>>> print(open('query.pdb').read())   # PDB, C-alpha atoms and all ligand atoms
ATOM      1  CA  MET L   1     -37.161 -43.373 209.398
ATOM      2  CA  LEU L   2     -35.334 -41.854 206.471
ATOM      3  CA  SER L   3     -36.936 -41.485 203.063
ATOM      4  CA  GLU L   4     -35.250 -43.433 200.265
ATOM      5  CA  THR L   5     -34.193 -40.137 198.666
ATOM      6  CA  MET L   6     -32.671 -38.846 201.882
ATOM      7  CA  GLN L   7     -30.943 -42.151 202.583
ATOM      8  CA  ASP L   8     -29.336 -42.063 199.131
ATOM      9  CA  ALA L   9     -28.266 -38.447 199.566
ATOM     10  CA  LEU L  10     -26.724 -39.150 202.986
ATOM     11  CA  ASN L  11     -24.882 -42.173 201.601
ATOM     12  CA  GLN L  12     -23.517 -39.991 198.797
ATOM     13  CA  GLN L  13     -22.298 -37.504 201.390
ATOM     14  CA  LEU L  14     -20.653 -40.337 203.333
ATOM     15  CA  ASN L  15     -18.825 -41.194 200.114
ATOM     16  CA  MET L  16     -17.819 -37.564 199.547
ATOM     17  CA  GLU L  17     -16.374 -37.260 203.060
ATOM     18  CA  THR L  18     -14.507 -40.557 202.576
ATOM     19  CA  PHE L  19     -13.102 -39.266 199.306
ATOM     20  CA  ALA L  20     -12.029 -36.053 201.080
ATOM     21  CA  SER L  21     -10.150 -38.157 203.634
ATOM     22  CA  TYR L  22      -8.434 -40.033 200.805
ATOM     23  CA  GLN L  23      -7.627 -36.818 198.929
ATOM     24  CA  TYR L  24      -6.048 -35.231 202.009
ATOM     25  CA  LEU L  25      -4.026 -38.399 202.584
ATOM     26  CA  ALA L  26      -2.694 -38.075 199.020
ATOM     27  CA  MET L  27      -1.784 -34.464 199.804
ATOM     28  CA  ALA L  28       0.020 -35.603 202.971
ATOM     29  CA  ALA L  29       2.022 -38.066 200.863
ATOM     30  CA  TYR L  30       2.863 -35.312 198.371
ATOM     31  CA  PHE L  31       4.106 -33.007 201.131
ATOM     32  CA  GLU L  32       6.143 -35.796 202.719
ATOM     33  CA  SER L  33       7.771 -36.450 199.337
ATOM     34  CA  GLU L  34       8.686 -32.735 199.236
ATOM     35  CA  ASN L  35      10.006 -32.909 202.812
ATOM     36  CA  LEU L  36       7.427 -30.363 203.939
ATOM     37  CA  LEU L  37       6.546 -32.245 207.093
ATOM     38  CA  GLY L  38       4.566 -29.449 208.746
ATOM     39  CA  MET L  39       2.195 -29.342 205.781
ATOM     40  CA  ALA L  40       2.045 -33.136 205.835
ATOM     41  CA  ASN L  41       1.079 -32.934 209.532
ATOM     42  CA  TRP L  42      -1.714 -30.479 208.656
ATOM     43  CA  MET L  43      -2.998 -32.903 206.015
ATOM     44  CA  HIS L  44      -2.811 -35.925 208.342
ATOM     45  CA  ILE L  45      -5.003 -34.110 210.846
ATOM     46  CA  GLN L  46      -7.367 -33.137 208.036
ATOM     47  CA  THR L  47      -7.630 -36.684 206.713
ATOM     48  CA  ALA L  48      -8.549 -37.898 210.224
ATOM     49  CA  GLU L  49     -11.192 -35.164 210.550
ATOM     50  CA  GLU L  50     -12.746 -36.172 207.236
ATOM     51  CA  ARG L  51     -12.947 -39.769 208.400
ATOM     52  CA  GLU L  52     -14.786 -38.516 211.499
ATOM     53  CA  HIS L  53     -17.164 -36.586 209.251
ATOM     54  CA  ALA L  54     -17.830 -39.734 207.198
ATOM     55  CA  MET L  55     -18.473 -41.700 210.401
ATOM     56  CA  LYS L  56     -20.955 -39.105 211.632
ATOM     57  CA  PHE L  57     -23.011 -39.837 208.494
ATOM     58  CA  TYR L  58     -22.530 -43.578 208.995
ATOM     59  CA  HIS L  59     -23.865 -43.442 212.556
ATOM     60  CA  PHE L  60     -26.681 -41.058 211.707
ATOM     61  CA  ILE L  61     -27.979 -43.267 208.879
ATOM     62  CA  ASN L  62     -27.939 -46.271 211.212
ATOM     63  CA  ASP L  63     -29.521 -44.357 214.099
ATOM     64  CA  ARG L  64     -32.402 -43.409 211.808
ATOM     65  CA  ARG L  65     -32.865 -47.085 210.891
ATOM     66  CA  GLY L  66     -31.565 -46.466 207.380
ATOM     67  CA  ARG L  67     -29.079 -48.588 205.480
ATOM     68  CA  VAL L  68     -25.474 -47.575 205.015
ATOM     69  CA  LYS L  69     -24.435 -48.370 201.443
ATOM     70  CA  LEU L  70     -20.752 -47.951 200.722
ATOM     71  CA  ALA L  71     -19.786 -47.128 197.140
ATOM     72  CA  ALA L  72     -16.493 -46.992 195.264
ATOM     73  CA  VAL L  73     -14.219 -44.159 196.307
ATOM     74  CA  ALA L  74     -12.705 -42.230 193.406
ATOM     75  CA  ALA L  75      -8.942 -42.123 193.001
ATOM     76  CA  PRO L  76      -7.559 -38.858 194.380
ATOM     77  CA  LYS L  77      -5.169 -36.534 192.595
ATOM     78  CA  THR L  78      -1.615 -37.312 193.696
ATOM     79  CA  GLU L  79       0.660 -34.648 192.202
ATOM     80  CA  TRP L  80       0.737 -30.874 192.467
ATOM     81  CA  ALA L  81       3.018 -28.237 190.967
ATOM     82  CA  SER L  82       3.394 -26.419 194.288
ATOM     83  CA  PRO L  83       2.081 -26.301 197.866
ATOM     84  CA  LEU L  84      -0.124 -23.388 196.820
ATOM     85  CA  GLU L  85      -1.744 -25.480 194.095
ATOM     86  CA  ALA L  86      -2.427 -28.294 196.577
ATOM     87  CA  PHE L  87      -4.087 -25.967 199.099
ATOM     88  CA  GLN L  88      -6.082 -24.305 196.314
ATOM     89  CA  ASP L  89      -7.384 -27.750 195.331
ATOM     90  CA  ALA L  90      -8.266 -28.332 198.979
ATOM     91  CA  LEU L  91     -10.292 -25.115 199.045
ATOM     92  CA  LYS L  92     -12.095 -26.039 195.819
ATOM     93  CA  HIS L  93     -13.008 -29.380 197.343
ATOM     94  CA  GLU L  94     -14.254 -27.787 200.564
ATOM     95  CA  GLN L  95     -16.437 -25.424 198.537
ATOM     96  CA  LYS L  96     -17.931 -28.458 196.766
ATOM     97  CA  VAL L  97     -18.605 -30.077 200.148
ATOM     98  CA  THR L  98     -20.271 -26.893 201.401
ATOM     99  CA  ALA L  99     -22.546 -26.815 198.344
ATOM    100  CA  SER L 100     -23.394 -30.473 198.874
ATOM    101  CA  ILE L 101     -24.231 -29.948 202.560
ATOM    102  CA  ASN L 102     -26.437 -27.002 201.590
ATOM    103  CA  ARG L 103     -28.298 -29.190 199.093
ATOM    104  CA  LEU L 104     -28.844 -31.777 201.830
ATOM    105  CA  VAL L 105     -30.304 -29.090 204.098
ATOM    106  CA  ASP L 106     -32.613 -28.006 201.265
ATOM    107  CA  LEU L 107     -33.769 -31.607 200.879
ATOM    108  CA  ALA L 108     -34.332 -31.999 204.632
ATOM    109  CA  ILE L 109     -36.451 -28.837 204.655
ATOM    110  CA  LYS L 110     -38.402 -29.994 201.580
ATOM    111  CA  GLU L 111     -39.146 -33.323 203.268
ATOM    112  CA  SER L 112     -39.852 -31.707 206.672
ATOM    113  CA  ASP L 113     -37.171 -34.061 208.023
ATOM    114  CA  HIS L 114     -36.364 -32.090 211.170
ATOM    115  CA  ALA L 115     -33.981 -34.672 212.623
ATOM    116  CA  THR L 116     -31.773 -34.644 209.528
ATOM    117  CA  ASN L 117     -31.935 -30.866 209.361
ATOM    118  CA  SER L 118     -30.780 -30.653 212.985
ATOM    119  CA  PHE L 119     -27.983 -33.197 212.374
ATOM    120  CA  LEU L 120     -26.739 -31.192 209.383
ATOM    121  CA  ARG L 121     -26.463 -27.969 211.374
ATOM    122  CA  TRP L 122     -23.092 -29.098 212.783
ATOM    123  CA  PHE L 123     -21.795 -29.561 209.222
ATOM    124  CA  VAL L 124     -23.053 -26.154 208.089
ATOM    125  CA  ASP L 125     -21.000 -24.551 210.882
ATOM    126  CA  GLU L 126     -18.038 -26.869 210.348
ATOM    127  CA  GLN L 127     -17.802 -25.937 206.654
ATOM    128  CA  VAL L 128     -17.355 -22.263 207.547
ATOM    129  CA  GLU L 129     -14.337 -23.271 209.628
ATOM    130  CA  GLU L 130     -13.029 -25.740 207.044
ATOM    131  CA  GLU L 131     -13.005 -23.138 204.275
ATOM    132  CA  ALA L 132     -11.519 -20.449 206.543
ATOM    133  CA  ASN L 133      -8.682 -22.746 207.689
ATOM    134  CA  VAL L 134      -7.619 -23.586 204.131
ATOM    135  CA  ASP L 135      -8.066 -20.004 202.984
ATOM    136  CA  ALA L 136      -5.709 -18.774 205.737
ATOM    137  CA  VAL L 137      -2.941 -21.087 204.520
ATOM    138  CA  ILE L 138      -3.508 -19.989 200.900
ATOM    139  CA  SER L 139      -3.153 -16.328 201.930
ATOM    140  CA  ASP L 140       0.135 -17.069 203.701
ATOM    141  CA  LEU L 141       1.466 -19.052 200.732
ATOM    142  CA  LYS L 142       0.580 -16.242 198.326
ATOM    143  CA  ARG L 143       2.255 -13.722 200.609
ATOM    144  CA  VAL L 144       5.599 -15.555 200.624
ATOM    145  CA  GLY L 145       5.546 -16.357 196.893
ATOM    146  CA  ASP L 146       8.720 -18.139 195.835
ATOM    147  CA  SER L 147      10.649 -17.399 199.019
ATOM    148  CA  SER L 148      12.028 -20.694 200.356
ATOM    149  CA  GLN L 149      12.517 -19.057 203.732
ATOM    150  CA  GLY L 150       8.847 -18.055 203.760
ATOM    151  CA  LEU L 151       7.805 -21.588 202.837
ATOM    152  CA  PHE L 152      10.001 -22.924 205.636
ATOM    153  CA  MET L 153       8.276 -20.608 208.135
ATOM    154  CA  ILE L 154       4.798 -21.681 207.008
ATOM    155  CA  ASP L 155       5.808 -25.318 207.176
ATOM    156  CA  ARG L 156       7.054 -24.812 210.743
ATOM    157  CA  GLU L 157       3.784 -23.140 211.686
ATOM    158  CA  LEU L 158       1.627 -25.912 210.221
ATOM    159  CA  ALA L 159       3.694 -28.473 212.117
ATOM    160  CA  GLY L 160       2.022 -27.070 215.235
ATOM    161  CA  ARG L 161      -1.519 -27.995 214.192
ATOM    162  CA  GLN L 162      -3.091 -30.306 216.758
ATOM    163  CA  PRO L 163      -6.152 -32.521 216.355
ATOM    164  CA  GLU L 164      -9.287 -30.796 217.622
ATOM    165  CA  ALA L 165     -11.034 -32.186 220.679
ATOM    166  CA  GLU L 166     -14.065 -33.733 219.085
ATOM    167  CA  GLU L 167     -17.388 -33.374 220.864
ATOM    168  CA  GLY L 168     -19.797 -36.128 219.889
ATOM    169  CA  GLY L 169     -17.030 -37.836 217.935
ATOM    170  CA  GLU L 170     -16.461 -41.494 217.195
ATOM    171  CA  ALA L 171     -14.952 -42.281 220.575
ATOM    172  CA  ASP L 172     -18.150 -41.668 222.521
ATOM    173  CA  GLU L 173     -20.647 -42.949 220.008
TER     174      GLU L 173
HETATM  175 FE1  LIG G   1     -15.871 -32.906 205.740
HETATM  176 FE2  LIG G   1     -13.748 -30.929 204.895
HETATM  177  O1  LIG G   1     -15.479 -31.486 204.755
END
>>> encode(input="query.pdb", output="structure tokens")
Amino acid sequence: MLSETMQDALNQQLNMETFASYQYLAMAAYFESENLLGMANWMHIQTAEEREHAMKFYHFINDRRGRVKLAAVAAPKTEWASPLEAFQDALKHEQKVTASINRLVDLAIKESDHATNSFLRWFVDEQVEEEANVDAVISDLKRVGDSSQGLFMIDRELAGRQPEAEEGGEADE
């Protein structure tokens, strides 16, 4: 059984992951409007991953006999001055998510809630990867600067991103 405090915190995280999915969808739409379809592909995969993250919280709250409480999802930003600015916003958001996951772990430890602590371990590891993935794209974008040929190459590369095989994902829950 989850404490009321933990249930609220997990529901807030569910909302944050849902917002992330929405924000990445807005970024996909931005890139499609700029005809950068490789970057849009990257964002479509990201939006689907964030939905999976949200659903992990959904299932965990239910499995612990808690109550899922869905709240309003904030409107995402929809315009960026450049691809670099969009990916920098993505990194900022991932850093916020990492801080939020860390606070949840702190709460789980404080409450001696070992099950929640164990559940959160996957997210602690995932956030390292999430930040690194975005950071790699930012480095490439900075390297090419204003070169349209460079941007074209990055876009082609990001078109190759494939969805990750998800262990313990929605399909088998
Ligand atoms: Fe679910 Fe990208 O954090």
>>> residues_around(input="query.pdb", residues="region 78-90 of chain L", least_positions_apart="6", cutoff="12 Å", atoms="only C-alpha atoms", output="PyMOL selection string")
chain L and resi 19-40+42-43+46-47+96-97+130-146+148+151-152+154-155
>>> write_last_selection(input="query.pdb", atoms="C-alpha atoms", output="mmCIF file, keeping the file's coordinate frame")
data_model
loop_
_atom_site.group_PDB
_atom_site.id
_atom_site.type_symbol
_atom_site.label_atom_id
_atom_site.label_comp_id
_atom_site.auth_asym_id
_atom_site.auth_seq_id
_atom_site.Cartn_x
_atom_site.Cartn_y
_atom_site.Cartn_z
ATOM 1 C CA PHE L 19 -13.102 -39.266 199.306
ATOM 2 C CA ALA L 20 -12.029 -36.053 201.080
ATOM 3 C CA SER L 21 -10.150 -38.157 203.634
ATOM 4 C CA TYR L 22 -8.434 -40.033 200.805
ATOM 5 C CA GLN L 23 -7.627 -36.818 198.929
ATOM 6 C CA TYR L 24 -6.048 -35.231 202.009
ATOM 7 C CA LEU L 25 -4.026 -38.399 202.584
ATOM 8 C CA ALA L 26 -2.694 -38.075 199.020
ATOM 9 C CA MET L 27 -1.784 -34.464 199.804
ATOM 10 C CA ALA L 28 0.020 -35.603 202.971
ATOM 11 C CA ALA L 29 2.022 -38.066 200.863
ATOM 12 C CA TYR L 30 2.863 -35.312 198.371
ATOM 13 C CA PHE L 31 4.106 -33.007 201.131
ATOM 14 C CA GLU L 32 6.143 -35.796 202.719
ATOM 15 C CA SER L 33 7.771 -36.450 199.337
ATOM 16 C CA GLU L 34 8.686 -32.735 199.236
ATOM 17 C CA ASN L 35 10.006 -32.909 202.812
ATOM 18 C CA LEU L 36 7.427 -30.363 203.939
ATOM 19 C CA LEU L 37 6.546 -32.245 207.093
ATOM 20 C CA GLY L 38 4.566 -29.449 208.746
ATOM 21 C CA MET L 39 2.195 -29.342 205.781
ATOM 22 C CA ALA L 40 2.045 -33.136 205.835
ATOM 23 C CA TRP L 42 -1.714 -30.479 208.656
ATOM 24 C CA MET L 43 -2.998 -32.903 206.015
ATOM 25 C CA GLN L 46 -7.367 -33.137 208.036
ATOM 26 C CA THR L 47 -7.630 -36.684 206.713
ATOM 27 C CA LYS L 96 -17.931 -28.458 196.766
ATOM 28 C CA VAL L 97 -18.605 -30.077 200.148
ATOM 29 C CA GLU L 130 -13.029 -25.740 207.044
ATOM 30 C CA GLU L 131 -13.005 -23.138 204.275
ATOM 31 C CA ALA L 132 -11.519 -20.449 206.543
ATOM 32 C CA ASN L 133 -8.682 -22.746 207.689
ATOM 33 C CA VAL L 134 -7.619 -23.586 204.131
ATOM 34 C CA ASP L 135 -8.066 -20.004 202.984
ATOM 35 C CA ALA L 136 -5.709 -18.774 205.737
ATOM 36 C CA VAL L 137 -2.941 -21.087 204.520
ATOM 37 C CA ILE L 138 -3.508 -19.989 200.900
ATOM 38 C CA SER L 139 -3.153 -16.328 201.930
ATOM 39 C CA ASP L 140 0.135 -17.069 203.701
ATOM 40 C CA LEU L 141 1.466 -19.052 200.732
ATOM 41 C CA LYS L 142 0.580 -16.242 198.326
ATOM 42 C CA ARG L 143 2.255 -13.722 200.609
ATOM 43 C CA VAL L 144 5.599 -15.555 200.624
ATOM 44 C CA GLY L 145 5.546 -16.357 196.893
ATOM 45 C CA ASP L 146 8.720 -18.139 195.835
ATOM 46 C CA SER L 148 12.028 -20.694 200.356
ATOM 47 C CA LEU L 151 7.805 -21.588 202.837
ATOM 48 C CA PHE L 152 10.001 -22.924 205.636
ATOM 49 C CA ILE L 154 4.798 -21.681 207.008
ATOM 50 C CA ASP L 155 5.808 -25.318 207.176
#
>>> atom_distance(input="query.pdb", atom1="CA of Gly66 (chain L)", atom2="CA of Leu14 (chain L)")
13.2 Å
>>> atom_distance(input="query.pdb", atom1="CA of Gln149 (chain L)", atom2="CA of Glu94 (chain L)")
28.3 Å
>>> resolve_selection(input="query.pdb", expression="the PyMOL selection byres (((chain L and resi 54) around 8) and not hetatm)", output="PyMOL selection string")
chain L and resi 13-18+50-53+55-58
>>> axis_aligned_box(input="query.pdb", around="region 144-149 of chain L", padding_each_side="3 Å", output="lines of an AutoDock Vina configuration file")
center_x = 9.0
center_y = -18.1
center_z = 199.8
size_x = 13.0
size_y = 11.1
size_z = 13.9
>>> closest_residue(input="query.pdb", among="L:Ile109, L:Leu2, L:Ala48, L:Leu104", to="Arg67 (chain L)", atoms="all atoms listed in the file")
L:Leu2
>>> atom_distance(input="query.pdb", atom1="CA of Trp122 (chain L)", atom2="atom O1 of ligand LIG 1 (chain G)")
11.3 Å
>>> build_atoms(input="query.pdb", residues="region 82-115 of chain L", atoms="N, CA and C atoms", output="mmCIF file, in the frame of the given file")
data_model
loop_
_atom_site.group_PDB
_atom_site.id
_atom_site.type_symbol
_atom_site.label_atom_id
_atom_site.label_comp_id
_atom_site.auth_asym_id
_atom_site.auth_seq_id
_atom_site.Cartn_x
_atom_site.Cartn_y
_atom_site.Cartn_z
ATOM 1 N N SER L 82 2.880 -27.216 193.170
ATOM 2 C CA SER L 82 3.394 -26.419 194.288
ATOM 3 C C SER L 82 2.481 -26.619 195.495
ATOM 4 N N PRO L 83 2.962 -26.263 196.696
ATOM 5 C CA PRO L 83 2.081 -26.301 197.866
ATOM 6 C C PRO L 83 0.841 -25.433 197.670
ATOM 7 N N LEU L 84 1.031 -24.277 197.040
ATOM 8 C CA LEU L 84 -0.124 -23.388 196.820
ATOM 9 C C LEU L 84 -1.196 -24.095 195.997
ATOM 10 N N GLU L 85 -0.773 -24.789 194.946
ATOM 11 C CA GLU L 85 -1.744 -25.480 194.095
ATOM 12 C C GLU L 85 -2.490 -26.557 194.894
ATOM 13 N N ALA L 86 -1.779 -27.251 195.768
ATOM 14 C CA ALA L 86 -2.427 -28.294 196.577
ATOM 15 C C ALA L 86 -3.473 -27.679 197.508
ATOM 16 N N PHE L 87 -3.121 -26.595 198.187
ATOM 17 C CA PHE L 87 -4.087 -25.967 199.099
ATOM 18 C C PHE L 87 -5.249 -25.332 198.333
ATOM 19 N N GLN L 88 -4.969 -24.841 197.117
ATOM 20 C CA GLN L 88 -6.082 -24.305 196.314
ATOM 21 C C GLN L 88 -7.051 -25.411 195.917
ATOM 22 N N ASP L 89 -6.514 -26.597 195.618
ATOM 23 C CA ASP L 89 -7.384 -27.750 195.331
ATOM 24 C C ASP L 89 -8.204 -28.113 196.570
ATOM 25 N N ALA L 90 -7.560 -28.023 197.732
ATOM 26 C CA ALA L 90 -8.266 -28.332 198.979
ATOM 27 C C ALA L 90 -9.440 -27.371 199.164
ATOM 28 N N LEU L 91 -9.207 -26.097 198.880
ATOM 29 C CA LEU L 91 -10.292 -25.115 199.045
ATOM 30 C C LEU L 91 -11.430 -25.407 198.068
ATOM 31 N N LYS L 92 -11.063 -25.720 196.819
ATOM 32 C CA LYS L 92 -12.095 -26.039 195.819
ATOM 33 C C LYS L 92 -12.942 -27.208 196.306
ATOM 34 N N HIS L 93 -12.265 -28.216 196.874
ATOM 35 C CA HIS L 93 -13.008 -29.380 197.343
ATOM 36 C C HIS L 93 -13.923 -28.997 198.507
ATOM 37 N N GLU L 94 -13.415 -28.189 199.431
ATOM 38 C CA GLU L 94 -14.254 -27.787 200.564
ATOM 39 C C GLU L 94 -15.475 -26.994 200.098
ATOM 40 N N GLN L 95 -15.297 -26.182 199.059
ATOM 41 C CA GLN L 95 -16.437 -25.424 198.537
ATOM 42 C C GLN L 95 -17.483 -26.363 197.937
ATOM 43 N N LYS L 96 -16.996 -27.448 197.300
ATOM 44 C CA LYS L 96 -17.931 -28.458 196.766
ATOM 45 C C LYS L 96 -18.687 -29.130 197.906
ATOM 46 N N VAL L 97 -17.967 -29.436 198.985
ATOM 47 C CA VAL L 97 -18.605 -30.077 200.148
ATOM 48 C C VAL L 97 -19.656 -29.146 200.743
ATOM 49 N N THR L 98 -19.313 -27.867 200.851
ATOM 50 C CA THR L 98 -20.271 -26.893 201.401
ATOM 51 C C THR L 98 -21.546 -26.870 200.552
ATOM 52 N N ALA L 99 -21.374 -26.844 199.233
ATOM 53 C CA ALA L 99 -22.546 -26.815 198.344
ATOM 54 C C ALA L 99 -23.378 -28.079 198.521
ATOM 55 N N SER L 100 -22.698 -29.199 198.709
ATOM 56 C CA SER L 100 -23.394 -30.473 198.874
ATOM 57 C C SER L 100 -24.162 -30.513 200.200
ATOM 58 N N ILE L 101 -23.542 -30.010 201.261
ATOM 59 C CA ILE L 101 -24.231 -29.948 202.560
ATOM 60 C C ILE L 101 -25.460 -29.033 202.449
ATOM 61 N N ASN L 102 -25.301 -27.918 201.751
ATOM 62 C CA ASN L 102 -26.437 -27.002 201.590
ATOM 63 C C ASN L 102 -27.587 -27.663 200.834
ATOM 64 N N ARG L 103 -27.237 -28.480 199.831
ATOM 65 C CA ARG L 103 -28.298 -29.190 199.093
ATOM 66 C C ARG L 103 -29.010 -30.198 199.997
ATOM 67 N N LEU L 104 -28.232 -30.833 200.886
ATOM 68 C CA LEU L 104 -28.844 -31.777 201.830
ATOM 69 C C LEU L 104 -29.813 -31.054 202.764
ATOM 70 N N VAL L 105 -29.418 -29.872 203.223
ATOM 71 C CA VAL L 105 -30.304 -29.090 204.098
ATOM 72 C C VAL L 105 -31.585 -28.739 203.340
ATOM 73 N N ASP L 106 -31.427 -28.329 202.086
ATOM 74 C CA ASP L 106 -32.613 -28.006 201.265
ATOM 75 C C ASP L 106 -33.549 -29.213 201.175
ATOM 76 N N LEU L 107 -32.952 -30.390 200.985
ATOM 77 C CA LEU L 107 -33.769 -31.607 200.879
ATOM 78 C C LEU L 107 -34.471 -31.904 202.208
ATOM 79 N N ALA L 108 -33.741 -31.738 203.308
ATOM 80 C CA ALA L 108 -34.332 -31.999 204.632
ATOM 81 C C ALA L 108 -35.518 -31.064 204.875
ATOM 82 N N ILE L 109 -35.361 -29.810 204.466
ATOM 83 C CA ILE L 109 -36.451 -28.837 204.655
ATOM 84 C C ILE L 109 -37.639 -29.231 203.774
ATOM 85 N N LYS L 110 -37.332 -29.608 202.529
ATOM 86 C CA LYS L 110 -38.402 -29.994 201.580
ATOM 87 C C LYS L 110 -39.194 -31.186 202.117
ATOM 88 N N GLU L 111 -38.479 -32.108 202.755
ATOM 89 C CA GLU L 111 -39.146 -33.323 203.268
ATOM 90 C C GLU L 111 -39.667 -33.138 204.692
ATOM 91 N N SER L 112 -39.512 -31.944 205.249
ATOM 92 C CA SER L 112 -39.852 -31.707 206.672
ATOM 93 C C SER L 112 -39.183 -32.745 207.570
ATOM 94 N N ASP L 113 -37.941 -33.088 207.236
ATOM 95 C CA ASP L 113 -37.171 -34.061 208.023
ATOM 96 C C ASP L 113 -36.342 -33.259 209.048
ATOM 97 N N HIS L 114 -36.982 -32.986 210.174
ATOM 98 C CA HIS L 114 -36.364 -32.090 211.170
ATOM 99 C C HIS L 114 -35.121 -32.704 211.807
ATOM 100 N N ALA L 115 -35.140 -34.012 211.995
ATOM 101 C CA ALA L 115 -33.981 -34.672 212.623
ATOM 102 C C ALA L 115 -32.742 -34.538 211.735
#
